[in-house]
Structures are given as structure tokens and as C-alpha cells.
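Comments concern the structure below.
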Amino acid sequence: MDQRSRVSSVDSLGPNDEDMPYSDDETDDELDEPQPKITEQNRINQETEDKQVPVKKEGTWKVKANDRRFCELPEFQKKSFLWFKKSKYSGNSIRTYKYNPITFLPLNLIDQFKRAANAYFLALLILQVIPQISTLPWYTTLVPLILVLGITAIKDLVDDIARHRMDNEINNRSCDVLQDGRFQSYKWKDVQVGDIVRLKKNDFIPADILLLSTSEPNSLCYVETAELDGETNLKFKLGLKVTHEELQTEQQLSDYDAMIECEEPNNRLDKFTGTMMWRNDSYSLDLSNILLRGCTVRNTDITHAMVIFAGADTKIMKNGGKTRFKRTNIDRLMNYMVYTIFFLLILIAAGLAIGHTFWQEQIGSKAWYLNDGSSENSTYRGFITFWGYLIVLNTMVPISLYVSVEVIRLGQSHFINWDLQMYYEDKDTPAKARTTTLNEQLGQIEYIFSDKTGTLTQNIMAFKKCTINGKTYGNPCNADGVSLDSINPVDFSWNKYAEGKFQFYDHSLPLCIKKGEDLHAMEFFRLLALCHTVMVEEKEGQLVYQAASPDEGALVMAARNFGFVFLSRSQNTITISEMGLEKTYEVIAILDFNSDRKRMSIILKLADGTIRLYCKGADTVIYERLHPESENKETTQTELDIFANETLRTLCLCYKDISDEEFSTWAAKHKDARIAVTDREAALDKVYEEIETNLLLIGATAIEDKLQDGVPETISNLAKADIKIWVLTGDKKETAENIGYACQLLTDETQIHYGEDVNVLLRTRQQNSRNTEGTELVKSNAKEPYFTDGGIHALVITGSWLNEILYEKKKRKRKLKLRLPTPKTKEEQTQQQQSKLKEERAKEERQSHFVDMACECSAVICCRVTPKQKAMVVSLVKKCKKAITLSIGDGANDVNMIKTADIGVGISGQEGMQAVMSSDYAFAQFRYLERLLLVHGRWSYIRMCKFLRYFFYKNFAFTLVHFWYSFFSGYSARTAYEDWFITLYNVLYSSLPVLLVGLLDQDVNDKLSLRFPKLYVPGQEGQLFNYKNFFISLFHGIYTSLIVFFIPYGAFLQTMGQDGEAPSDYQSFAVTTASSLIIIVNLQISLNTSYWTFLNAFSVFGSIAIYFGIMFDIHSAGIHVIFPSYFTFTGAAPNALRQPYLWLTIILTVGISLMPVIAVHFLYKTIWPSEGDKVQRNRKTYEADEAPKKKPSALRRGATSRRSAYAFSHQQGYADLIASGQSIRKRPSAGRPSVLRETE
């Protein structure tokens, strides 16, 4: 890959790569852009519009503390149903269930009869109770219909009970609510807007609440946002000073009667604006004062807060997106095929009815022995016959198809739940199929959209390597620096503060530190222990660190293990232990991190009066600020490139000593910048730049953002299955790019295209399209590839560039234009509509071009994207490529993406359960996705396709016998079989073998499925079930029905039995055709079975045995005596089947029917074998072979083609909090191991 120089986001003319779009609807640059110029005419028009259209007042959400009745006032009522009204304030109860005990039966039946097949059979049942029309007893339809409805209802009931349990588990959580002057335990579902709640450490937050006071200094509260964004590092929130001082006791909280006015409920996790009016004064509120539902209180003993948004109004629920009813492609195709069958049924019934009309006129009306005494004319008889044939041929539309599909899907879901190879023992988390309707879709995935933090990574940072004064440490070495082949962790037992989980394999660095001879190494770890914004507290004698980012926590923890232990801090001091000696430094200033600076600094005063600045940051910004004579720049840069190619996150460390005169001048400027009224942040950044110059390089750190186990191998195997993987994350570009290299989505051979490159390419393509519009070149340009060099390409796009590229950022501008129109003639209105349509077409064209370009790439990484942008990208691919998509994530910010994709997968574990609750499938590790798709998904798809093909075949073969029989029965809508055979055919005689194939069949085992990912491709292309397969099943069924009818028919002509009697009566013929059919369809499924078990064999031969057993019973004289009108084939089976001639007829029929099928199977497997056939043929050889060796990493260590990447912090640190002194606790004197104390 060619080395590329990156343009600083500050100097770039395009969007800032570091910025995340402000909200789901608009970006920062849109909010700041100038308003369109308003002409005098426009101003007059706007004033007229404003008088006519009432303006909705912003901030209409009002909440009054400790007053539940306030929310019930008439002004806050909204219409809910007809004339009924209810409060616009939601209760705190959440509801995902669909039924209750009263509504279950009616609503479930309504839902089931929305299915065309069920409604069709209900209509048939009604027709069958009309004597003039009915040709079959009513029970032939009622029994299967009740069975189908009953099984589906039981399944729906079980699913809804599970949803009830989950809702109850959440709604019945308890928290303390202030009522009647004291805190009482209430269930979450009973909490209301305006209530004062008390939370304790490790409590879940029940609603979106305003922080009033806590047990911490200055009402500081630490929260974990894992369920919102998947990050486990703690964030802090602050109560207002006035509420902290005035609201500590129950009495004070009871007297609290403030009015809160704020924004309406919305999905913006990054923004909150409001005002608190209390005691004739107003106080502004922002996001730092709000605790969001879905978070957890940490390290804060007592928290008092007021409920602002409850239940469905909370931000986490608003971010959930719409719950979409997901259906598989096979479902849609199956429905179209059922409609096709219904259309064929209408045609056949109509044709046979016309045939009966002509037959009645020419033959029926003239034959005296056919006179039934009825006076109806032939046309009326034909009309009645049409409805009769709809009833007789109704089994062409398979009533049991849907319930059979549901049973198979339910079984497949349980197989996923029971798979021990997808069970994560460390967290005791099994895989969970949370839906039973999408299993076969898992075998057709073309695109995977994955979150990064907590999904691909563990979100655990580990200090792996470092370079100090030009020397690198971290590779396995002994105390003398000699490389070792074996890995032996360093023993840190000499350090009282060492953290047990820390692993380091270079024994020379701890020895160097203990000797104290290398001043650079001592300064290196001293900087790590001092230059940070980590907060510390003691728990049971142990130091516990809380960092603004996992990276910063890992660096401080590394310094702690090497003997430089951060102990405590105050507003102006920081105390550390240096190899057992406790030292306190005076903190003069903290220059905090932000995404533009990409560095942080701290200015300290040493014991000898020296003022020293320590700085750490990205190499791209540190090297620009180094002193010209700083040593080891080239050596360190070489090591940084090596670290980066090992996908480690790098950071440069440096320092400088500042003279008193220089510091005095700078301090004055710093003071002025801190009190600036406008552009304070820009002023501070400018002052920081002045002091962070002429730095001296100490070294660099290398941190590993640990991937989950097996991520690179999983991605590699999925790519071999032609599945494209896109990463959609809110993290910084460098972080996302680094992970791309770590999991082998990106390699050194990959040519990366960034937002500016993509924008240029798309603009060029769109301009060419406009220039060639209306010519033959348009289609050729559309198909022309974007990258013609044949190399490996990847896109890395930030959220801001994504809005720029897809024209999403112009939404607000269009709104502004629409608000300021001049009076228009019809011609002008037409022009405006055409202009608007042109804009929409241009937007759609641009989006289509972007998807086309992205699909040419081996990898796509979208970073700094909002939840809505994640869903938008997924939706675009679905729309433009008509592809089956899967989204996988672990946080609430992934919920929208998970719901938008065809399949949603949630990662369960320490990151929270919000994504899991919205997902279709859930497990604990990303690597299980490989098995879910390549094994369970592929098997489910193959089984379902085989089941459907066979199901259609056996119903066609069964039903079309009536069609052939009609030519010999005067088109009279009479049946070729006995009534009870028709009733039980799909229920007992042919259902079990095909169900077991749908549940258990597999062409190759799971190991070979994973070893040969190309076996997955037929599912993506839909090769196994489509209209071609449907018509093959149709013609196969026609052929079988022809054989089943005409061979017995021919055999019965001029036939004499052993007893001298002709066995050519209707009942004997019905028994022969039915027996032949049952044997054929059961042996046919045997030919289609790839994986034989005892159950398969038992089901095939058992079904045949059940048929003969039941047939002999219902043809017996005993049952006829009891029910003479329902069982009319008395003695038919014993009489017919005692004739050897009929057994020979059955054998001949079965043989002629199955021989062509066997021949075709043989030809396909020998002459035109599929990829699966080849693997199956050599299955034993492959199973005997050793598993293929792991492919070596594509990353080349030591390559310098890629700049080191910096991913130090996800957000600004705690510098402002530290400087304010609001977070400082009283330092405990007990509980810490005794150390020597020396104040420097």
C-alpha cells in the first residue's frame, strides 16, 4: 500500500473526520451555517405565514417535582382513541408482549386468518357445509384446520409468555421513591414523571432522571453506560450546586417543588437542554446533569434524582427504532407460490366445470340411468361443479404447509440454543435464538454490518510494548535482554501495588527500573503516573482507578505495576509512589485531551522549584512539536511503525522544562483564555499550542486493544463464503482503522480510500452520467468499475463525510428554503416540484453509486457514525443491492441497526443487554457468528428448501389424481380416494418423514461446513428454492399422478381375480391408487435424504405401516356398524389387497415412478456434481485428514508502509472536573500498605 499523507482535519476543506454528526437529523456545520438571505418580499410572506400557522413553542415538556397530579392536568392530555384522552406523559412500564388472557384467543385467530391459506380453508369449510356444493365431508377440512390453528396458537402463546416474563422482570425491579415525606420501595412500573427517586451503588437507573444530589463531593455521580454504547469505562455526572447544598435530607427533598422546562422526548443521547425554575430563580440544565435509563450507578453510595422522562419517552427507548416484522425471502417466495397454486386451482376448477357443462348437455341429460330427478340446467350444474372442484382440489393449496414450517423452525431454534460449541463458559452464556422465523435466512447472508467496541474487541486495553530512549521492550527476553523462545511472565510480587492480571514478558525492563540507573526509564514511567486525568479511590485496601478511556487506565495501570503508583490527587496536587517512596507534586495546569489536539499535557512544579511539562499524544502531533535536537526521533519512529503494523495503539511521551519567566508570561495568557466569554475552547487551544513546543522525546507506548478470540479467523472464513463485512462504529478513525488491520479486514496490500477520495470519485461519476444523459453511454458508465487497477481496495468513511457524500446534510437547508417562499404561479410551482424531484433523483443516484463503489471493496469501515447513520447504511445496501443483511452489535447505539437488518444479532455479556433484547439471535462472542451462519444457517436453508420442494411435490402428486379421474367420471367433482384418506394424508401418512428431513438432514457435517465455506454460496444465490425448483416439483408431481392413476386404471381393465371376480370396482381402485401413492411419496423422501438416522428410517417405514394399519381399521365392519354414514368402504381393503395381481400393480406403479428419479440423481452426482456433492463424495477422506493449519497473519512485522495510528481517548478527560476540585474526596489514612513518605 502506498504511504499516504493525511490532511489535518483542521486544514481540510471537507468535514472534520473527528466530529460525530450532532444528531440523527443534522450536523454541526448545518447548525452553524448562515441563514439564507431574506428579501423584503420573503419577510412579508413569512410574517403572513406566521400569523396563519401557529408556531409550536420549543421546550413544552414541563415537569413539576413531587406532584403527580400535575401531569394529569387537561393541558397535558392527548387523544388516544375516539373521544378518550390520556396524559402525554408515559408511565414507566414497558410492554413488548402482544396478548393478555382476555385478548389472546380473538387476536390470535385474527392474526392467523390474515394468512391467505388459513382464510382460504375457512372459506372452504363454509362451502363444505352447503349440501348442494359439498363433495367432501366437512371434517376433511376441519380436522387439519384445527390442528394447524392449535399448534400455531400454542407456539404464539409460549413466545408471548416469554415476553411477559421479560417485561415483568424489568417492570418489577424496585427503587426508592419519595412519597408522604419518606422514601418507600416502589416497582419501576409505578414510578411516574416528577417523582424523586433514591438510587444506591450498582443500581440500574429506572428512567431519564435529573441528578439532584449524591453522597459524593459536589454531588458527583459515576455511571456506567455499557448498555448505551458498549463502553465499560465510567462517565461522571454532576448535580447543580444549589440542589447539592439544599437537597440532602428527606425533608428538604419533600419540600422541593421546582418546575422543569425542557426539550420534548427525543433520541439524542448526546444532548439535553432544559431549565429548572425554583425559588424565583432559573438554572440551566444540560446533559451533564441527566442520568439516562439503561445506565448503572457506580462508586456512588446514594443518589437523589427527579424523573424527567419515563418508559417509552426515555432516550434509550426512543433510540430503539421501529420494531419491524421480519420475514425471510423463502417466506415471501412461498407466499407467491401459494398464490400461483391458487391461480392454477381456479383455472383447473373452471376448466373442469366447463367440461361438466358440455358433458351434461351431450351425455348426462340423455342417459336415463344418470337421471337424478333434478331439473337444473347444465350451466347451473357446471357452476355448482366449479365450487365442488375447489373443495376436491383444495389440497393443492397445502393447509399444513405453514404449521410444518413453524415446527421445523422451532426445532432449528432449539438446536441453536443447545449447541455447546456456541456456549461461552466464562460468562455462563449459551447462544439464544430469540426468534423462530428467520433460521433459513441465516443461510443466505451476503452482508454483515458489525459494531467494533465490545463486538469485535473485548474493550480491554493491555500494555504490551514500549520504546524508551531508542530501546524497545516487550518481546520475550531474560534479564540480560536475550530473546527467549518460551513465554515466561514477569514476576511483580516485589511490588505491593502490582495488579495480578498484568502480563509482561520482557524481564530486562523491571530489572532496569529496580536498579534505578536508567533515568530515561524512570522518567518514562513517572510521566505515565502523573500525566493523566484518572480518578482513584480505595476499596478494601485496594486502589481502584476510574479513567475517561480504557487506554488511559491501561497506561496508569502499567506504571503502577512497574513501581510508579498513582495514589491520590487533590485540586492542586498529585501523589504517587516511586519505587516505594511516596512523593507529592504540585499541579499548576492540566491541558486536557480533545479530538483536535490529540494530546494532553500536565504542568508540575518539582521539589527543587523546576517547572516541568509532561506531554503524551499521537506521533503525528508530537513530532511536529519536538525540539530540533531531540534524540532518537528516527529510531522511535521506526519502532512506532513496527508497533502500528502489529496493530498496537501507539502514544509518544515527551517533556520540557519551563523557565519562570516563560511560565509567568504563559500563565497570564492562560488565565485570560479561561475567562474568555466567546470562543473559550479555541482560545485555550491556542494558548496550549504556545507552551507545547520544543519538547524532548522520551519514548513511546504500545497498547493492544484486545480482539475477542477468533475474530480474524472468523472474518477470514466468512470472506471465503463471499460474505462482505462492514464495520460501523462511533469510534475515531484511527481506532477503527487499527482494528481493521488487527482483524485482517485491512492488510498492507490494501489501498484505503478516505472520504475525500470517495467524494471526488462519486462526483466525477455523477458528472459523467449527466454529460452522457440520454445516450448509450449511460448504461456502460453505470456498469464501469470505480477501481480498474485490480488491486485490493477498502473504504474508511467518517460520519461527517458520509453525510456529505450521501447528501444527507442538506435536509435542514431544504427545510429553510421551503419556509421562505415567494408567491408562485402554477408555472413556478411546477418548476419547484421538478427541482425537488431532480434533487431526490440526484440523491438516490448518488447513494446508489456509493453502494456500488463500496461493494467493489474488500472492506468498508464507517467511523464516527450515529445510530441513525448505522441504520441508514444498512438500509441503503438492502435497497440498492436487494441483499440479505445481518447486523451485529452489543450496545443501545446498535439497536436501530440491528432492527433494520434482515437478521439482528446481539452480543451478550458485560456490555449490557439492550442490543440482545432487540436482536433475533444472541451469543457471547463474535466468533460464534461463523458457526451460526456456515453451520446452522446453511443447514437450515438446505433443510427448508428440501422440505418445501418435497412438500409441493407430494401434494401435487396426491391432488392431481382427482384431475385425471375427472375425465372418467363425467367431470362430476367426485373424489378418487376415500374421504378419510384425504383427511389423514397430510396429517399422518406423509408428514413425519419430511418433517424429520426438515429437522435433521445435512449433506456434510459441521466440521466440513466450516472447512469449506464455499458450500455457503448456493444459499446466497437462492439456488435451492426458486420458481425453477417449484415448477420442477410441479411437473414431477404431474408425472407421479399420471403413473399413480393410469397404471392401476390400465391394470383394472378386463381383469379377472383369483376368485373369478373382476376387482375393478371403484373402492378397490381407490385402495390401489392410495397404497401406491403412499409408498411412492415415502420412498421418494428416502431418495432425497442425505443423513440417515434411526428416526428417519422409522418414520418412512412407520408411515407406510400406519397407513395400512389405519386403512384396515376404517375398512372394517365393526366401525361401519358404529358410524355407518362416515365409514362406507366396508371390507374394501381386505378384499382388494388379498389379490396378488393388485400387489404386482402397486409394485409396478412404484417402480415406474421412482426409476427416472434414481436415474436423474445418478447423472447429476456423477456428471454434473455440485460443490456439496464433491465434498460429500470425499467426506471420509476429509474427515480422516487433519484440520487445516492456521493461516499465518497477513501483517508483515517491520513494514513501514503504514503510519502509526493514535487512538488514545474516546472523549475528553476529567481535567475540568479535577481543576474545579469537585471530585476530590477526603484522602483515607488507613487501609493502604505502609510506604516511606517523602514530599518532594
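Convention: chains lettered A, B, ... in C-alpha cells order; per-chain residue numbering from 1; ligands numbered from 1 as shown.
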Please provide the set of residues having any atom within 10 Å of segment 762-765 of chain A, restricted to only C-alpha atoms, with same-chain residues fewer than 4 positions apart removed, written as a CSV table (one decimal) with C-alpha atoms, in the first residue's frame.
chain,number,residue,atom,x,y,z
A,757,ASP,CA,-11.3,10.4,-2.3
A,758,VAL,CA,-14.8,8.8,-2.4
A,769,SER,CA,-23.7,10.5,-16.0
A,770,ARG,CA,-25.2,13.9,-16.5
A,771,ASN,CA,-23.0,14.6,-19.6
A,781,ASN,CA,-20.8,4.2,-17.4
A,782,ALA,CA,-23.1,2.7,-14.7
A,784,GLU,CA,-17.9,0.6,-15.3
A,786,TYR,CA,-14.6,2.5,-10.0
A,805,ILE,CA,-21.4,12.0,0.3
A,806,LEU,CA,-25.0,10.9,0.6
A,845,GLU,CA,-28.3,8.2,-7.8
A,846,ARG,CA,-25.5,9.4,-5.5
A,847,GLN,CA,-26.5,6.8,-2.9
A,849,HIS,CA,-23.2,5.0,-6.8
A,850,PHE,CA,-21.8,4.9,-3.3
A,853,MET,CA,-18.4,1.6,-5.1
Inset, instruction - Would you list, as a ChimeraX atom specification, the residues of segment 889-971 of chain A that end up in helix (DSSP H, G or I) under DSSP run on this structure's backbone? - result: /A:892-900,914-917,928-966
Write out, as a compact mmCIF listing (two decimals), in the first residue's frame, the residues just selected, with C-alpha atoms.
# COMPACT_ATOMS: atom_id res chain seq x y z
CA ALA A 892 -28.06 0.50 22.67
CA ASN A 893 -26.45 2.55 19.89
CA ASP A 894 -26.59 -0.61 17.74
CA VAL A 895 -30.30 -1.30 18.30
CA ASN A 896 -31.50 0.68 15.28
CA MET A 897 -29.01 -1.08 13.03
CA ILE A 898 -29.98 -4.48 14.47
CA LYS A 899 -33.67 -3.83 13.84
CA THR A 900 -33.09 -2.53 10.31
CA GLN A 914 -30.13 -3.67 25.33
CA ALA A 915 -28.87 -4.97 21.97
CA VAL A 916 -29.72 -8.54 22.96
CA MET A 917 -33.32 -7.61 23.81
CA TYR A 928 -19.78 -17.86 17.16
CA LEU A 929 -21.17 -15.97 14.15
CA GLU A 930 -19.16 -18.27 11.88
CA ARG A 931 -20.89 -21.37 13.23
CA LEU A 932 -24.28 -19.68 13.28
CA LEU A 933 -24.08 -18.91 9.56
CA LEU A 934 -21.91 -21.61 8.00
CA VAL A 935 -23.37 -24.49 10.01
CA HIS A 936 -26.81 -23.71 11.45
CA GLY A 937 -27.76 -21.18 8.78
CA ARG A 938 -26.63 -23.36 5.90
CA TRP A 939 -28.25 -26.50 7.29
CA SER A 940 -31.49 -24.64 7.99
CA TYR A 941 -31.60 -23.28 4.45
CA ILE A 942 -30.89 -26.67 2.84
CA ARG A 943 -33.43 -28.44 5.05
CA MET A 944 -36.15 -25.87 4.45
CA CYS A 945 -35.62 -25.87 0.68
CA LYS A 946 -35.65 -29.67 0.54
CA PHE A 947 -38.77 -29.74 2.71
CA LEU A 948 -40.65 -27.23 0.55
CA ARG A 949 -39.72 -28.86 -2.74
CA TYR A 950 -40.88 -32.24 -1.48
CA PHE A 951 -44.00 -30.85 0.19
CA PHE A 952 -45.21 -29.23 -3.01
CA TYR A 953 -44.38 -32.40 -4.95
CA LYS A 954 -46.31 -34.77 -2.68
CA ASN A 955 -49.37 -32.51 -2.68
CA PHE A 956 -49.37 -32.19 -6.46
CA ALA A 957 -48.93 -35.97 -6.83
CA PHE A 958 -51.82 -36.52 -4.40
CA THR A 959 -54.27 -33.93 -5.70
CA LEU A 960 -53.87 -34.28 -9.47
CA VAL A 961 -55.08 -37.86 -9.34
CA HIS A 962 -58.54 -36.29 -8.90
CA PHE A 963 -57.90 -34.31 -12.09
CA TRP A 964 -57.20 -37.46 -14.18
CA TYR A 965 -60.12 -39.25 -12.54
CA SER A 966 -62.49 -36.45 -13.57
Inset, instruction - Excluding segment 266-272 of chain A and any residue of its chain fewer than 4 positions from it, enumerate the residues within 7 Å of it, using only C-alpha atoms, and give them as a list in words. - result: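 With the cut-off at 7 Å, the set is Ser23, Asp286, Leu287, Lys315, Lys318 and Asn319 of chain A.
Excluding segment 608-623 of chain A itself and same-chain residues fewer than 6 positions from it, the residues having an atom within 6 Å of it are A:Lys598, A:Arg599, A:Met600, A:Ser601, A:Ile602, A:Leu651, A:Cys652, A:Leu653, A:Cys654, A:Tyr655, A:Lys656, A:Asp657, A:Ile658, A:Tyr1206, counting only C-alpha atoms.
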Inset, instruction - Could you please determine the separation between atom CA of His532 of chain A and atom CA of Ile1218 of chain A in Å, to one decimal place? - result: 10.7 Å
Inset, instruction - Please provide as a PyMOL selection string all residues within 10 Å of Asn168 of chain A, with the sequence filter that same-chain residues fewer than 2 positions apart are discarded (counting only C-alpha atoms). - result: chain A and resi 93-95+162-166+170-173+188-189
Output of the above residues as an mmCIF file, in the first residue's frame, restricted to C-alpha atoms:
data_model
loop_
_atom_site.group_PDB
_atom_site.id
_atom_site.type_symbol
_atom_site.label_atom_id
_atom_site.label_comp_id
_atom_site.auth_asym_id
_atom_site.auth_seq_id
_atom_site.Cartn_x
_atom_site.Cartn_y
_atom_site.Cartn_z
ATOM 1 C CA SER A 93 -43.844 0.427 32.438
ATOM 2 C CA ILE A 94 -42.524 -1.052 29.202
ATOM 3 C CA ARG A 95 -44.523 -3.526 27.141
ATOM 4 C CA ALA A 162 -41.629 -15.405 27.470
ATOM 5 C CA ARG A 163 -42.126 -11.734 26.564
ATOM 6 C CA HIS A 164 -44.420 -11.292 29.583
ATOM 7 C CA ARG A 165 -41.742 -12.734 31.840
ATOM 8 C CA MET A 166 -39.057 -10.453 30.441
ATOM 9 C CA ILE A 170 -37.803 -5.286 34.243
ATOM 10 C CA ASN A 171 -41.031 -3.609 35.346
ATOM 11 C CA ASN A 172 -40.908 -5.251 38.767
ATOM 12 C CA ARG A 173 -37.424 -4.072 39.631
ATOM 13 C CA TRP A 188 -40.282 0.534 38.327
ATOM 14 C CA LYS A 189 -43.665 0.320 36.608
#
Legend entry - Non-local contacts of Met259 of chain A (9 Å; only C-alpha atoms; under 4 positions in same chain excluded) as a PyMOL selection string: chain A and resi 62-65+275-278
Inset, instruction - Find the spatial neighbours of Lys720 of chain A, counting only C-alpha atoms, within a cut-off of 12 Å - ignore same-chain residues fewer than 5 positions away - and output them as JSON, numbers by chain. - result: {"A": [446, 713, 714, 715, 725, 858, 930, 934, 1010, 1011, 1012, 1013, 1014, 1015, 1016, 1017]}
Legend entry - From A:Leu728, A:Ile348, A:Ile154, A:Leu695, residue lying nearest Glu631 of chain A [only C-alpha atoms]: A:Leu695
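Residue nearest Gln458 of chain A, chosen from A:Lys882, A:Arg864, A:Lys515, A:Lys706 and counting only C-alpha atoms: A:Lys706.
Restricting the calculation to only C-alpha atoms, the smallest distance between Glu72 of chain A and any of A:Gln192, A:Thr141, A:Thr385, A:Asn488 is found for A:Gln192.
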Legend entry - Which of segment 99-204 of chain A fall in strand (DSSP E or B), as a PyMOL selection string: chain A and resi 174-179+182-187+196-200+204
Inset, instruction - Can you work out the spacing between atom CA of Gly516 of chain A and atom CA of Leu640 of chain A in Å, to one decimal? - result: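 Separation of atom CA of Gly516 of chain A and atom CA of Leu640 of chain A: 25.5 Å.
Atom to atom, atom CA of Leu1142 of chain A and atom CA of His1036 of chain A stand 24.3 Å apart.
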Legend entry - Closest of A:Leu567, A:Ala1133, A:Val191, A:Ser1153 to Glu582 of chain A - atom-to-atom distances counting only C-alpha atoms: A:Leu567
